[in-house]
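Q: Below is coords_35.tsv; it holds TSV, N, CA and C atoms and all ligand atoms.
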```tsv
chain	number	residue	atom	x	y	z
T	1	MET	N	11.82	-12.57	-13.37
T	1	MET	CA	12.20	-11.17	-13.21
T	1	MET	C	12.71	-10.97	-11.78
T	2	HIS	N	13.81	-10.28	-11.65
T	2	HIS	CA	14.37	-9.98	-10.33
T	2	HIS	C	13.61	-8.81	-9.73
T	3	VAL	N	13.19	-8.97	-8.51
T	3	VAL	CA	12.51	-7.90	-7.80
T	3	VAL	C	13.39	-7.45	-6.66
T	4	GLN	N	13.80	-6.20	-6.70
T	4	GLN	CA	14.62	-5.65	-5.62
T	4	GLN	C	13.71	-5.23	-4.48
T	5	ARG	N	13.98	-5.74	-3.31
T	5	ARG	CA	13.17	-5.35	-2.16
T	5	ARG	C	13.94	-4.30	-1.37
T	6	THR	N	13.29	-3.19	-1.14
T	6	THR	CA	13.92	-2.08	-0.45
T	6	THR	C	13.22	-1.86	0.88
T	7	LEU	N	13.98	-1.86	1.93
T	7	LEU	CA	13.39	-1.56	3.22
T	7	LEU	C	13.27	-0.06	3.36
T	8	PRO	N	12.23	0.40	4.04
T	8	PRO	CA	12.12	1.84	4.26
T	8	PRO	C	13.28	2.32	5.11
T	9	SER	N	13.65	3.58	4.93
T	9	SER	CA	14.70	4.13	5.78
T	9	SER	C	14.23	4.06	7.22
T	10	SER	N	15.19	4.01	8.15
T	10	SER	CA	14.79	3.90	9.55
T	10	SER	C	13.97	5.11	9.97
T	11	ARG	N	14.28	6.28	9.38
T	11	ARG	CA	13.50	7.48	9.72
T	11	ARG	C	12.06	7.31	9.25
T	12	THR	N	11.88	6.83	8.02
T	12	THR	CA	10.53	6.64	7.50
T	12	THR	C	9.79	5.57	8.31
T	13	ALA	N	10.48	4.47	8.64
T	13	ALA	CA	9.83	3.41	9.41
T	13	ALA	C	9.41	3.90	10.78
T	14	ARG	N	10.30	4.62	11.46
T	14	ARG	CA	9.95	5.16	12.78
T	14	ARG	C	8.78	6.11	12.67
T	15	SER	N	8.79	6.96	11.66
T	15	SER	CA	7.72	7.93	11.50
T	15	SER	C	6.40	7.24	11.20
T	16	ALA	N	6.45	6.16	10.40
T	16	ALA	CA	5.22	5.44	10.05
T	16	ALA	C	4.61	4.80	11.28
T	17	VAL	N	5.46	4.32	12.18
T	17	VAL	CA	4.96	3.66	13.38
T	17	VAL	C	4.33	4.68	14.32
T	18	THR	N	4.87	5.88	14.34
T	18	THR	CA	4.37	6.87	15.30
T	18	THR	C	3.32	7.81	14.69
T	19	ALA	N	3.19	7.84	13.38
T	19	ALA	CA	2.21	8.73	12.76
T	19	ALA	C	0.81	8.27	13.15
T	20	ALA	N	0.00	9.20	13.60
T	20	ALA	CA	-1.30	8.83	14.14
T	20	ALA	C	-2.45	9.08	13.18
T	21	SER	N	-2.23	9.81	12.12
T	21	SER	CA	-3.35	10.18	11.27
T	21	SER	C	-3.10	9.81	9.82
T	22	PRO	N	-4.18	9.58	9.07
T	22	PRO	CA	-4.01	9.32	7.63
T	22	PRO	C	-3.26	10.46	6.93
T	23	ALA	N	-3.52	11.70	7.34
T	23	ALA	CA	-2.85	12.83	6.69
T	23	ALA	C	-1.34	12.78	6.91
T	24	ALA	N	-0.93	12.43	8.15
T	24	ALA	CA	0.50	12.35	8.44
T	24	ALA	C	1.13	11.20	7.66
T	25	LEU	N	0.41	10.08	7.56
T	25	LEU	CA	0.94	8.93	6.80
T	25	LEU	C	1.02	9.27	5.32
T	26	ARG	N	0.00	9.95	4.79
T	26	ARG	CA	0.02	10.36	3.39
T	26	ARG	C	1.23	11.25	3.12
T	27	ASP	N	1.52	12.17	4.04
T	27	ASP	CA	2.67	13.05	3.86
T	27	ASP	C	3.97	12.25	3.82
T	28	LEU	N	4.07	11.22	4.68
T	28	LEU	CA	5.27	10.37	4.66
T	28	LEU	C	5.41	9.64	3.33
T	29	VAL	N	4.29	9.16	2.80
T	29	VAL	CA	4.33	8.48	1.50
T	29	VAL	C	4.79	9.45	0.42
T	30	LEU	N	4.17	10.61	0.37
T	30	LEU	CA	4.49	11.58	-0.68
T	30	LEU	C	5.93	12.06	-0.59
T	31	ALA	N	6.47	12.10	0.63
T	31	ALA	CA	7.86	12.55	0.81
T	31	ALA	C	8.85	11.61	0.13
T	32	GLU	N	8.45	10.36	-0.09
T	32	GLU	CA	9.33	9.38	-0.73
T	32	GLU	C	9.18	9.40	-2.25
T	33	ALA	N	8.29	10.25	-2.78
T	33	ALA	CA	8.04	10.33	-4.23
T	33	ALA	C	7.89	8.94	-4.84
T	34	PRO	N	6.89	8.19	-4.40
T	34	PRO	CA	6.75	6.80	-4.85
T	34	PRO	C	6.46	6.70	-6.35
T	35	ALA	N	6.88	5.57	-6.91
T	35	ALA	CA	6.75	5.34	-8.35
T	35	ALA	C	5.29	5.34	-8.81
T	36	CYS	N	4.37	4.99	-7.93
T	36	CYS	CA	2.97	4.92	-8.34
T	36	CYS	C	2.41	6.29	-8.71
T	37	LEU	N	3.05	7.35	-8.28
T	37	LEU	CA	2.57	8.69	-8.66
T	37	LEU	C	2.80	8.95	-10.14
T	38	LEU	N	3.79	8.26	-10.72
T	38	LEU	CA	4.11	8.47	-12.12
T	38	LEU	C	3.15	7.73	-13.04
T	39	ASP	N	2.55	6.65	-12.54
T	39	ASP	CA	1.64	5.83	-13.36
T	39	ASP	C	0.49	5.34	-12.48
T	40	PRO	N	-0.39	6.25	-12.06
T	40	PRO	CA	-1.44	5.86	-11.11
T	40	PRO	C	-2.37	4.77	-11.64
T	41	GLU	N	-2.56	4.70	-12.95
T	41	GLU	CA	-3.46	3.69	-13.51
T	41	GLU	C	-2.95	2.27	-13.25
T	42	LEU	N	-1.63	2.12	-13.11
T	42	LEU	CA	-1.08	0.80	-12.81
T	42	LEU	C	-1.63	0.29	-11.49
T	43	HIS	N	-1.82	1.17	-10.54
T	43	HIS	CA	-2.30	0.74	-9.23
T	43	HIS	C	-3.82	0.81	-9.10
T	44	SER	N	-4.47	1.57	-9.94
T	44	SER	CA	-5.92	1.73	-9.78
T	44	SER	C	-6.73	1.04	-10.87
T	45	GLY	N	-6.13	0.75	-12.02
T	45	GLY	CA	-6.86	0.10	-13.10
T	45	GLY	C	-7.63	1.09	-13.94
T	46	ALA	N	-8.17	0.57	-15.02
T	46	ALA	CA	-8.93	1.39	-15.96
T	46	ALA	C	-10.34	0.82	-16.08
T	47	PRO	N	-11.32	1.68	-16.39
T	47	PRO	CA	-12.69	1.18	-16.56
T	47	PRO	C	-12.74	0.12	-17.67
T	48	GLY	N	-13.52	-0.92	-17.44
T	48	GLY	CA	-13.69	-1.96	-18.46
T	48	GLY	C	-12.55	-2.96	-18.54
T	49	GLU	N	-11.68	-2.95	-17.57
T	49	GLU	CA	-10.53	-3.85	-17.55
T	49	GLU	C	-11.01	-5.31	-17.42
T	50	SER	N	-10.46	-6.19	-18.23
T	50	SER	CA	-10.83	-7.60	-18.15
T	50	SER	C	-10.17	-8.22	-16.91
T	51	PRO	N	-10.72	-9.34	-16.41
T	51	PRO	CA	-10.08	-10.00	-15.26
T	51	PRO	C	-8.64	-10.39	-15.54
T	52	ALA	N	-8.34	-10.84	-16.75
T	52	ALA	CA	-6.96	-11.23	-17.07
T	52	ALA	C	-6.05	-10.01	-17.07
T	53	ASP	N	-6.54	-8.92	-17.65
T	53	ASP	CA	-5.73	-7.69	-17.65
T	53	ASP	C	-5.54	-7.18	-16.22
T	54	GLU	N	-6.59	-7.27	-15.41
T	54	GLU	CA	-6.48	-6.82	-14.03
T	54	GLU	C	-5.43	-7.66	-13.28
T	55	ALA	N	-5.47	-8.97	-13.46
T	55	ALA	CA	-4.51	-9.84	-12.76
T	55	ALA	C	-3.07	-9.50	-13.17
T	56	ALA	N	-2.87	-9.25	-14.46
T	56	ALA	CA	-1.52	-8.91	-14.93
T	56	ALA	C	-1.09	-7.56	-14.38
T	57	ARG	N	-2.01	-6.60	-14.39
T	57	ARG	CA	-1.69	-5.25	-13.88
T	57	ARG	C	-1.37	-5.30	-12.38
T	58	VAL	N	-2.17	-6.03	-11.63
T	58	VAL	CA	-1.94	-6.13	-10.18
T	58	VAL	C	-0.59	-6.78	-9.90
T	59	ALA	N	-0.21	-7.77	-10.69
T	59	ALA	CA	1.09	-8.43	-10.48
T	59	ALA	C	2.23	-7.43	-10.67
T	60	VAL	N	2.13	-6.59	-11.69
T	60	VAL	CA	3.18	-5.59	-11.92
T	60	VAL	C	3.15	-4.54	-10.81
T	61	ALA	N	1.96	-4.13	-10.41
T	61	ALA	CA	1.86	-3.14	-9.32
T	61	ALA	C	2.49	-3.68	-8.04
T	62	ARG	N	2.28	-4.96	-7.77
T	62	ARG	CA	2.88	-5.56	-6.56
T	62	ARG	C	4.40	-5.49	-6.65
T	63	GLU	N	4.95	-5.71	-7.83
T	63	GLU	CA	6.41	-5.63	-8.00
T	63	GLU	C	6.91	-4.21	-7.75
T	64	VAL	N	6.17	-3.23	-8.24
T	64	VAL	CA	6.55	-1.83	-8.00
T	64	VAL	C	6.54	-1.55	-6.50
T	65	CYS	N	5.50	-2.00	-5.82
T	65	CYS	CA	5.39	-1.77	-4.37
T	65	CYS	C	6.51	-2.46	-3.61
T	66	ALA	N	6.96	-3.62	-4.09
T	66	ALA	CA	7.97	-4.39	-3.36
T	66	ALA	C	9.26	-3.62	-3.18
T	67	SER	N	9.55	-2.71	-4.08
T	67	SER	CA	10.80	-1.94	-3.97
T	67	SER	C	10.56	-0.50	-3.56
T	68	CYS	N	9.36	-0.21	-3.05
T	68	CYS	CA	9.02	1.18	-2.71
T	68	CYS	C	9.46	1.52	-1.29
T	69	PRO	N	10.19	2.60	-1.12
T	69	PRO	CA	10.62	3.00	0.23
T	69	PRO	C	9.47	3.51	1.09
T	70	ALA	N	8.31	3.77	0.48
T	70	ALA	CA	7.16	4.26	1.25
T	70	ALA	C	6.18	3.14	1.61
T	71	ARG	N	6.61	1.90	1.44
T	71	ARG	CA	5.68	0.78	1.61
T	71	ARG	C	5.05	0.74	3.02
T	72	LEU	N	5.84	0.97	4.05
T	72	LEU	CA	5.31	0.87	5.42
T	72	LEU	C	4.25	1.94	5.71
T	73	PRO	N	4.55	3.23	5.49
T	73	PRO	CA	3.49	4.21	5.73
T	73	PRO	C	2.31	4.04	4.77
T	74	CYS	N	2.57	3.55	3.56
T	74	CYS	CA	1.48	3.31	2.60
T	74	CYS	C	0.54	2.25	3.15
T	75	GLN	N	1.10	1.17	3.68
T	75	GLN	CA	0.26	0.11	4.22
T	75	GLN	C	-0.51	0.60	5.45
T	76	ALA	N	0.15	1.36	6.31
T	76	ALA	CA	-0.54	1.90	7.49
T	76	ALA	C	-1.68	2.82	7.06
T	77	PHE	N	-1.42	3.66	6.03
T	77	PHE	CA	-2.47	4.55	5.52
T	77	PHE	C	-3.65	3.73	5.01
T	78	ALA	N	-3.37	2.69	4.24
T	78	ALA	CA	-4.45	1.88	3.67
T	78	ALA	C	-5.22	1.14	4.76
T	79	LEU	N	-4.52	0.66	5.79
T	79	LEU	CA	-5.21	-0.03	6.88
T	79	LEU	C	-6.14	0.92	7.62
T	80	LEU	N	-5.73	2.19	7.74
T	80	LEU	CA	-6.58	3.16	8.42
T	80	LEU	C	-7.75	3.62	7.56
T	81	THR	N	-7.52	3.75	6.27
T	81	THR	CA	-8.55	4.34	5.40
T	81	THR	C	-9.37	3.30	4.64
T	82	ARG	N	-8.89	2.07	4.58
T	82	ARG	CA	-9.59	0.96	3.91
T	82	ARG	C	-10.12	1.35	2.53
T	83	PRO	N	-9.24	1.56	1.58
T	83	PRO	CA	-9.67	1.95	0.23
T	83	PRO	C	-10.54	0.86	-0.41
T	84	GLU	N	-11.41	1.28	-1.31
T	84	GLU	CA	-12.33	0.33	-1.96
T	84	GLU	C	-11.74	-0.29	-3.21
T	85	SER	N	-10.65	0.27	-3.70
T	85	SER	CA	-10.04	-0.27	-4.92
T	85	SER	C	-8.55	0.05	-4.91
T	86	GLY	N	-7.86	-0.53	-5.88
T	86	GLY	CA	-6.45	-0.22	-6.05
T	86	GLY	C	-5.52	-1.20	-5.36
T	87	VAL	N	-4.23	-0.99	-5.60
T	87	VAL	CA	-3.16	-1.76	-4.96
T	87	VAL	C	-2.41	-0.81	-4.05
T	88	TRP	N	-2.26	-1.23	-2.81
T	88	TRP	CA	-1.64	-0.40	-1.77
T	88	TRP	C	-0.57	-1.22	-1.07
T	89	ALA	N	0.67	-0.78	-1.13
T	89	ALA	CA	1.76	-1.50	-0.47
T	89	ALA	C	1.80	-2.98	-0.89
T	90	GLY	N	1.45	-3.24	-2.13
T	90	GLY	CA	1.49	-4.61	-2.64
T	90	GLY	C	0.26	-5.43	-2.35
T	91	LEU	N	-0.74	-4.83	-1.74
T	91	LEU	CA	-1.97	-5.55	-1.40
T	91	LEU	C	-3.14	-4.93	-2.13
T	92	THR	N	-4.08	-5.79	-2.55
T	92	THR	CA	-5.30	-5.25	-3.16
T	92	THR	C	-6.19	-4.66	-2.06
T	93	ALA	N	-7.17	-3.89	-2.49
T	93	ALA	CA	-8.10	-3.30	-1.52
T	93	ALA	C	-8.79	-4.40	-0.71
T	94	ALA	N	-9.13	-5.52	-1.37
T	94	ALA	CA	-9.77	-6.63	-0.65
T	94	ALA	C	-8.82	-7.23	0.38
T	95	GLU	N	-7.55	-7.35	0.02
T	95	GLU	CA	-6.57	-7.89	0.98
T	95	GLU	C	-6.36	-6.94	2.15
T	96	ILE	N	-6.32	-5.64	1.86
T	96	ILE	CA	-6.20	-4.64	2.93
T	96	ILE	C	-7.41	-4.74	3.87
T	97	GLY	N	-8.61	-4.87	3.29
T	97	GLY	CA	-9.81	-4.98	4.11
T	97	GLY	C	-9.76	-6.21	5.01
T	98	ALA	N	-9.31	-7.34	4.46
T	98	ALA	CA	-9.22	-8.57	5.25
T	98	ALA	C	-8.18	-8.42	6.36
T	99	LEU	N	-7.05	-7.82	6.02
T	99	LEU	CA	-6.00	-7.62	7.03
T	99	LEU	C	-6.47	-6.68	8.13
T	100	ALA	N	-7.17	-5.62	7.77
T	100	ALA	CA	-7.68	-4.67	8.76
T	100	ALA	C	-8.70	-5.35	9.66
T	101	ALA	N	-9.53	-6.22	9.09
T	101	ALA	CA	-10.53	-6.92	9.90
T	101	ALA	C	-9.87	-7.85	10.89
T	102	VAL	N	-8.83	-8.57	10.45
T	102	VAL	CA	-8.10	-9.47	11.35
T	102	VAL	C	-7.43	-8.65	12.45
T	103	ALA	N	-6.81	-7.53	12.06
T	103	ALA	CA	-6.10	-6.71	13.05
T	103	ALA	C	-7.06	-6.13	14.07
T	104	SER	N	-8.22	-5.68	13.63
T	104	SER	CA	-9.18	-5.10	14.60
T	104	SER	C	-9.73	-6.19	15.50
T	105	GLY	N	-9.91	-7.41	14.99
T	105	GLY	CA	-10.34	-8.51	15.83
T	105	GLY	C	-9.30	-8.87	16.86
T	106	ALA	N	-8.02	-8.84	16.46
T	106	ALA	CA	-6.94	-9.14	17.39
T	106	ALA	C	-6.86	-8.10	18.49
T	107	VAL	N	-7.09	-6.83	18.13
T	107	VAL	CA	-7.06	-5.76	19.14
T	107	VAL	C	-8.21	-5.95	20.12
T	108	ARG	N	-9.41	-6.31	19.59
T	108	ARG	CA	-10.56	-6.53	20.49
T	108	ARG	C	-10.30	-7.70	21.44
T	109	SER	N	-9.67	-8.78	20.91
T	109	SER	CA	-9.39	-9.95	21.74
T	109	SER	C	-8.39	-9.63	22.84
T	110	ALA	N	-7.45	-8.73	22.54
T	110	ALA	CA	-6.42	-8.40	23.52
T	110	ALA	C	-6.93	-7.45	24.59
T	111	ALA	N	-8.06	-6.76	24.31
T	111	ALA	CA	-8.56	-5.76	25.26
T	111	ALA	C	-9.29	-6.40	26.42
G	1	LIG	S1	3.96	0.92	-1.71
G	1	LIG	FE1	3.07	0.88	-3.78
G	1	LIG	S2	1.08	1.93	-3.63
G	1	LIG	FE2	2.30	2.43	-1.81
G	1	LIG	S3	3.35	4.35	-2.28
G	1	LIG	FE3	4.73	2.70	-2.83
G	1	LIG	S4	4.38	2.25	-4.99
G	1	LIG	FE4	2.64	3.46	-4.23
```
Show me this structure written as structure tokens.
A:
Amino acid sequence: MHVQRTLPSSRTARSAVTAASPAALRDLVLAEAPACLLDPELHSGAPGESPADEAARVAVAREVCASCPARLPCQAFALLTRPESGVWAGLTAAEIGALAAVASGAVRSAA
């Protein structure tokens, strides 16, 4: 399957870099009317989902995120808020948590 990768607009990218709060980042995401709003279960899953179904769903959600113009502010929002579940900017909550931990360690090392 061909996956179209879309870079965020320069305005959205600049805003995501300078946005300081989860609320501001959430507003940037919502302004792009991302596809996940149309099918939230694709990114969050359903109760009782089997591991195989979850893996398949996450793979499709990652493809949706790959072409999302809100990917950068979405990832920044997730890194700040560390969600416990779901797919955010193509990453699972566990991947976001690991990335946030690495980033906070790097910031501490640089200080
Ligand atoms: S990157 Fe994915 S989770 Fe984030 S707003 Fe876009 S479609 Fe939704």
Q: Give the helix (DSSP H, G or I) residues of stretch 50-97 of chain T, as DSSP finds them on the backbone, and put them as a ChimeraX atom specification.
A: /T:51-66,71-81,93-97
Q: Just to confirm, what's the straight-line distance from atom N of T:Trp88 to atom N of T:Leu38 in Å (one decimal)?
A: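 That distance, rounded to one decimal, is 13.8 Å.
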Q: Which stretch 24-52 of chain T residues have any atom within 7 Å of an atom of stretch 71-80 of chain T, and for each, what is the nearest pair of atoms with distance in Å to one decimal, counting all atoms listed in the file, rows sorted by chain and number, as a Markdown table?
A:
```
| residue | atom | partner | partner_atom | distance |
| --- | --- | --- | --- | --- |
| T:Leu25 | C | T:Pro73 | C | 5.4 |
| T:Arg26 | N | T:Phe77 | CA | 6.0 |
| T:Leu28 | C | T:Pro73 | CA | 6.2 |
| T:Val29 | CA | T:Cys74 | N | 5.6 |
```
Q: Find the residue from T:Ala56, T:Val102, T:Ala111, T:Ala70 that sits nearest to T:Cys36; use only C-alpha atoms when measuring.
A: T:Ala70
Q: So which residues are near ligand LIG 1 (chain G), meaning at most 12 Å away with only C-alpha atoms and all ligand atoms counted, given back as a CSV table (one decimal) with N, CA and C atoms, in the frame of the given file?
A:
```
chain,number,residue,atom,x,y,z
T,5,ARG,N,14.0,-5.7,-3.3
T,5,ARG,CA,13.2,-5.4,-2.2
T,5,ARG,C,13.9,-4.3,-1.4
T,6,THR,N,13.3,-3.2,-1.1
T,6,THR,CA,13.9,-2.1,-0.4
T,6,THR,C,13.2,-1.9,0.9
T,7,LEU,N,14.0,-1.9,1.9
T,7,LEU,CA,13.4,-1.6,3.2
T,7,LEU,C,13.3,-0.1,3.4
T,8,PRO,N,12.2,0.4,4.0
T,8,PRO,CA,12.1,1.8,4.3
T,8,PRO,C,13.3,2.3,5.1
T,25,LEU,N,0.4,10.1,7.6
T,25,LEU,CA,0.9,8.9,6.8
T,25,LEU,C,1.0,9.3,5.3
T,26,ARG,N,0.0,10.0,4.8
T,26,ARG,CA,0.0,10.4,3.4
T,26,ARG,C,1.2,11.2,3.1
T,27,ASP,N,1.5,12.2,4.0
T,27,ASP,CA,2.7,13.0,3.9
T,27,ASP,C,4.0,12.2,3.8
T,28,LEU,N,4.1,11.2,4.7
T,28,LEU,CA,5.3,10.4,4.7
T,28,LEU,C,5.4,9.6,3.3
T,29,VAL,N,4.3,9.2,2.8
T,29,VAL,CA,4.3,8.5,1.5
T,29,VAL,C,4.8,9.4,0.4
T,30,LEU,N,4.2,10.6,0.4
T,30,LEU,CA,4.5,11.6,-0.7
T,30,LEU,C,5.9,12.1,-0.6
T,31,ALA,N,6.5,12.1,0.6
T,31,ALA,CA,7.9,12.6,0.8
T,31,ALA,C,8.8,11.6,0.1
T,32,GLU,N,8.4,10.4,-0.1
T,32,GLU,CA,9.3,9.4,-0.7
T,32,GLU,C,9.2,9.4,-2.2
T,33,ALA,N,8.3,10.2,-2.8
T,33,ALA,CA,8.0,10.3,-4.2
T,33,ALA,C,7.9,8.9,-4.8
T,34,PRO,N,6.9,8.2,-4.4
T,34,PRO,CA,6.8,6.8,-4.8
T,34,PRO,C,6.5,6.7,-6.4
T,35,ALA,N,6.9,5.6,-6.9
T,35,ALA,CA,6.8,5.3,-8.4
T,35,ALA,C,5.3,5.3,-8.8
T,36,CYS,N,4.4,5.0,-7.9
T,36,CYS,CA,3.0,4.9,-8.3
T,36,CYS,C,2.4,6.3,-8.7
T,37,LEU,N,3.0,7.4,-8.3
T,37,LEU,CA,2.6,8.7,-8.7
T,37,LEU,C,2.8,9.0,-10.1
T,38,LEU,N,3.8,8.3,-10.7
T,38,LEU,CA,4.1,8.5,-12.1
T,38,LEU,C,3.2,7.7,-13.0
T,39,ASP,N,2.6,6.6,-12.5
T,39,ASP,CA,1.6,5.8,-13.4
T,39,ASP,C,0.5,5.3,-12.5
T,40,PRO,N,-0.4,6.2,-12.1
T,40,PRO,CA,-1.4,5.9,-11.1
T,40,PRO,C,-2.4,4.8,-11.6
T,41,GLU,N,-2.6,4.7,-13.0
T,41,GLU,CA,-3.5,3.7,-13.5
T,41,GLU,C,-3.0,2.3,-13.2
T,42,LEU,N,-1.6,2.1,-13.1
T,42,LEU,CA,-1.1,0.8,-12.8
T,42,LEU,C,-1.6,0.3,-11.5
T,43,HIS,N,-1.8,1.2,-10.5
T,43,HIS,CA,-2.3,0.7,-9.2
T,43,HIS,C,-3.8,0.8,-9.1
T,44,SER,N,-4.5,1.6,-9.9
T,44,SER,CA,-5.9,1.7,-9.8
T,44,SER,C,-6.7,1.0,-10.9
T,58,VAL,N,-2.2,-6.0,-11.6
T,58,VAL,CA,-1.9,-6.1,-10.2
T,58,VAL,C,-0.6,-6.8,-9.9
T,59,ALA,N,-0.2,-7.8,-10.7
T,59,ALA,CA,1.1,-8.4,-10.5
T,59,ALA,C,2.2,-7.4,-10.7
T,60,VAL,N,2.1,-6.6,-11.7
T,60,VAL,CA,3.2,-5.6,-11.9
T,60,VAL,C,3.2,-4.5,-10.8
T,61,ALA,N,2.0,-4.1,-10.4
T,61,ALA,CA,1.9,-3.1,-9.3
T,61,ALA,C,2.5,-3.7,-8.0
T,62,ARG,N,2.3,-5.0,-7.8
T,62,ARG,CA,2.9,-5.6,-6.6
T,62,ARG,C,4.4,-5.5,-6.6
T,63,GLU,N,5.0,-5.7,-7.8
T,63,GLU,CA,6.4,-5.6,-8.0
T,63,GLU,C,6.9,-4.2,-7.8
T,64,VAL,N,6.2,-3.2,-8.2
T,64,VAL,CA,6.6,-1.8,-8.0
T,64,VAL,C,6.5,-1.6,-6.5
T,65,CYS,N,5.5,-2.0,-5.8
T,65,CYS,CA,5.4,-1.8,-4.4
T,65,CYS,C,6.5,-2.5,-3.6
T,66,ALA,N,7.0,-3.6,-4.1
T,66,ALA,CA,8.0,-4.4,-3.4
T,66,ALA,C,9.3,-3.6,-3.2
T,67,SER,N,9.6,-2.7,-4.1
T,67,SER,CA,10.8,-1.9,-4.0
T,67,SER,C,10.6,-0.5,-3.6
T,68,CYS,N,9.4,-0.2,-3.0
T,68,CYS,CA,9.0,1.2,-2.7
T,68,CYS,C,9.5,1.5,-1.3
T,69,PRO,N,10.2,2.6,-1.1
T,69,PRO,CA,10.6,3.0,0.2
T,69,PRO,C,9.5,3.5,1.1
T,70,ALA,N,8.3,3.8,0.5
T,70,ALA,CA,7.2,4.3,1.2
T,70,ALA,C,6.2,3.1,1.6
T,71,ARG,N,6.6,1.9,1.4
T,71,ARG,CA,5.7,0.8,1.6
T,71,ARG,C,5.0,0.7,3.0
T,72,LEU,N,5.8,1.0,4.0
T,72,LEU,CA,5.3,0.9,5.4
T,72,LEU,C,4.2,1.9,5.7
T,73,PRO,N,4.6,3.2,5.5
T,73,PRO,CA,3.5,4.2,5.7
T,73,PRO,C,2.3,4.0,4.8
T,74,CYS,N,2.6,3.6,3.6
T,74,CYS,CA,1.5,3.3,2.6
T,74,CYS,C,0.5,2.2,3.2
T,75,GLN,N,1.1,1.2,3.7
T,75,GLN,CA,0.3,0.1,4.2
T,75,GLN,C,-0.5,0.6,5.4
T,76,ALA,N,0.2,1.4,6.3
T,76,ALA,CA,-0.5,1.9,7.5
T,76,ALA,C,-1.7,2.8,7.1
T,77,PHE,N,-1.4,3.7,6.0
T,77,PHE,CA,-2.5,4.6,5.5
T,77,PHE,C,-3.6,3.7,5.0
T,78,ALA,N,-3.4,2.7,4.2
T,78,ALA,CA,-4.4,1.9,3.7
T,78,ALA,C,-5.2,1.1,4.8
T,79,LEU,N,-4.5,0.7,5.8
T,79,LEU,CA,-5.2,0.0,6.9
T,79,LEU,C,-6.1,0.9,7.6
T,83,PRO,N,-9.2,1.6,1.6
T,83,PRO,CA,-9.7,2.0,0.2
T,83,PRO,C,-10.5,0.9,-0.4
T,85,SER,N,-10.6,0.3,-3.7
T,85,SER,CA,-10.0,-0.3,-4.9
T,85,SER,C,-8.6,0.0,-4.9
T,86,GLY,N,-7.9,-0.5,-5.9
T,86,GLY,CA,-6.4,-0.2,-6.0
T,86,GLY,C,-5.5,-1.2,-5.4
T,87,VAL,N,-4.2,-1.0,-5.6
T,87,VAL,CA,-3.2,-1.8,-5.0
T,87,VAL,C,-2.4,-0.8,-4.0
T,88,TRP,N,-2.3,-1.2,-2.8
T,88,TRP,CA,-1.6,-0.4,-1.8
T,88,TRP,C,-0.6,-1.2,-1.1
T,89,ALA,N,0.7,-0.8,-1.1
T,89,ALA,CA,1.8,-1.5,-0.5
T,89,ALA,C,1.8,-3.0,-0.9
T,90,GLY,N,1.4,-3.2,-2.1
T,90,GLY,CA,1.5,-4.6,-2.6
T,90,GLY,C,0.3,-5.4,-2.4
T,91,LEU,N,-0.7,-4.8,-1.7
T,91,LEU,CA,-2.0,-5.6,-1.4
T,91,LEU,C,-3.1,-4.9,-2.1
T,92,THR,N,-4.1,-5.8,-2.6
T,92,THR,CA,-5.3,-5.2,-3.2
T,92,THR,C,-6.2,-4.7,-2.1
T,93,ALA,N,-7.2,-3.9,-2.5
T,93,ALA,CA,-8.1,-3.3,-1.5
T,93,ALA,C,-8.8,-4.4,-0.7
T,96,ILE,N,-6.3,-5.6,1.9
T,96,ILE,CA,-6.2,-4.6,2.9
T,96,ILE,C,-7.4,-4.7,3.9
```
Q: Write out as a PyMOL selection string all residues of chain T that DSSP puts in strand (DSSP E or B) for this structure's backbone.
A: chain T and resi 87-88+91-92
Q: Can you work out the spacing between atom N of T:Glu54 and atom CA of T:Ala100 in Å, to one decimal?
A: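 Interatomic distance, atom N of T:Glu54 to atom CA of T:Ala100: 24.3 Å.
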Q: I'd like the interatomic distance between atom CA of T:Ala94 and atom CA of T:Thr81, to a tenth of an Å.
A: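 Atom-to-atom, atom CA of T:Ala94 and atom CA of T:Thr81 are spaced 12.6 Å apart.
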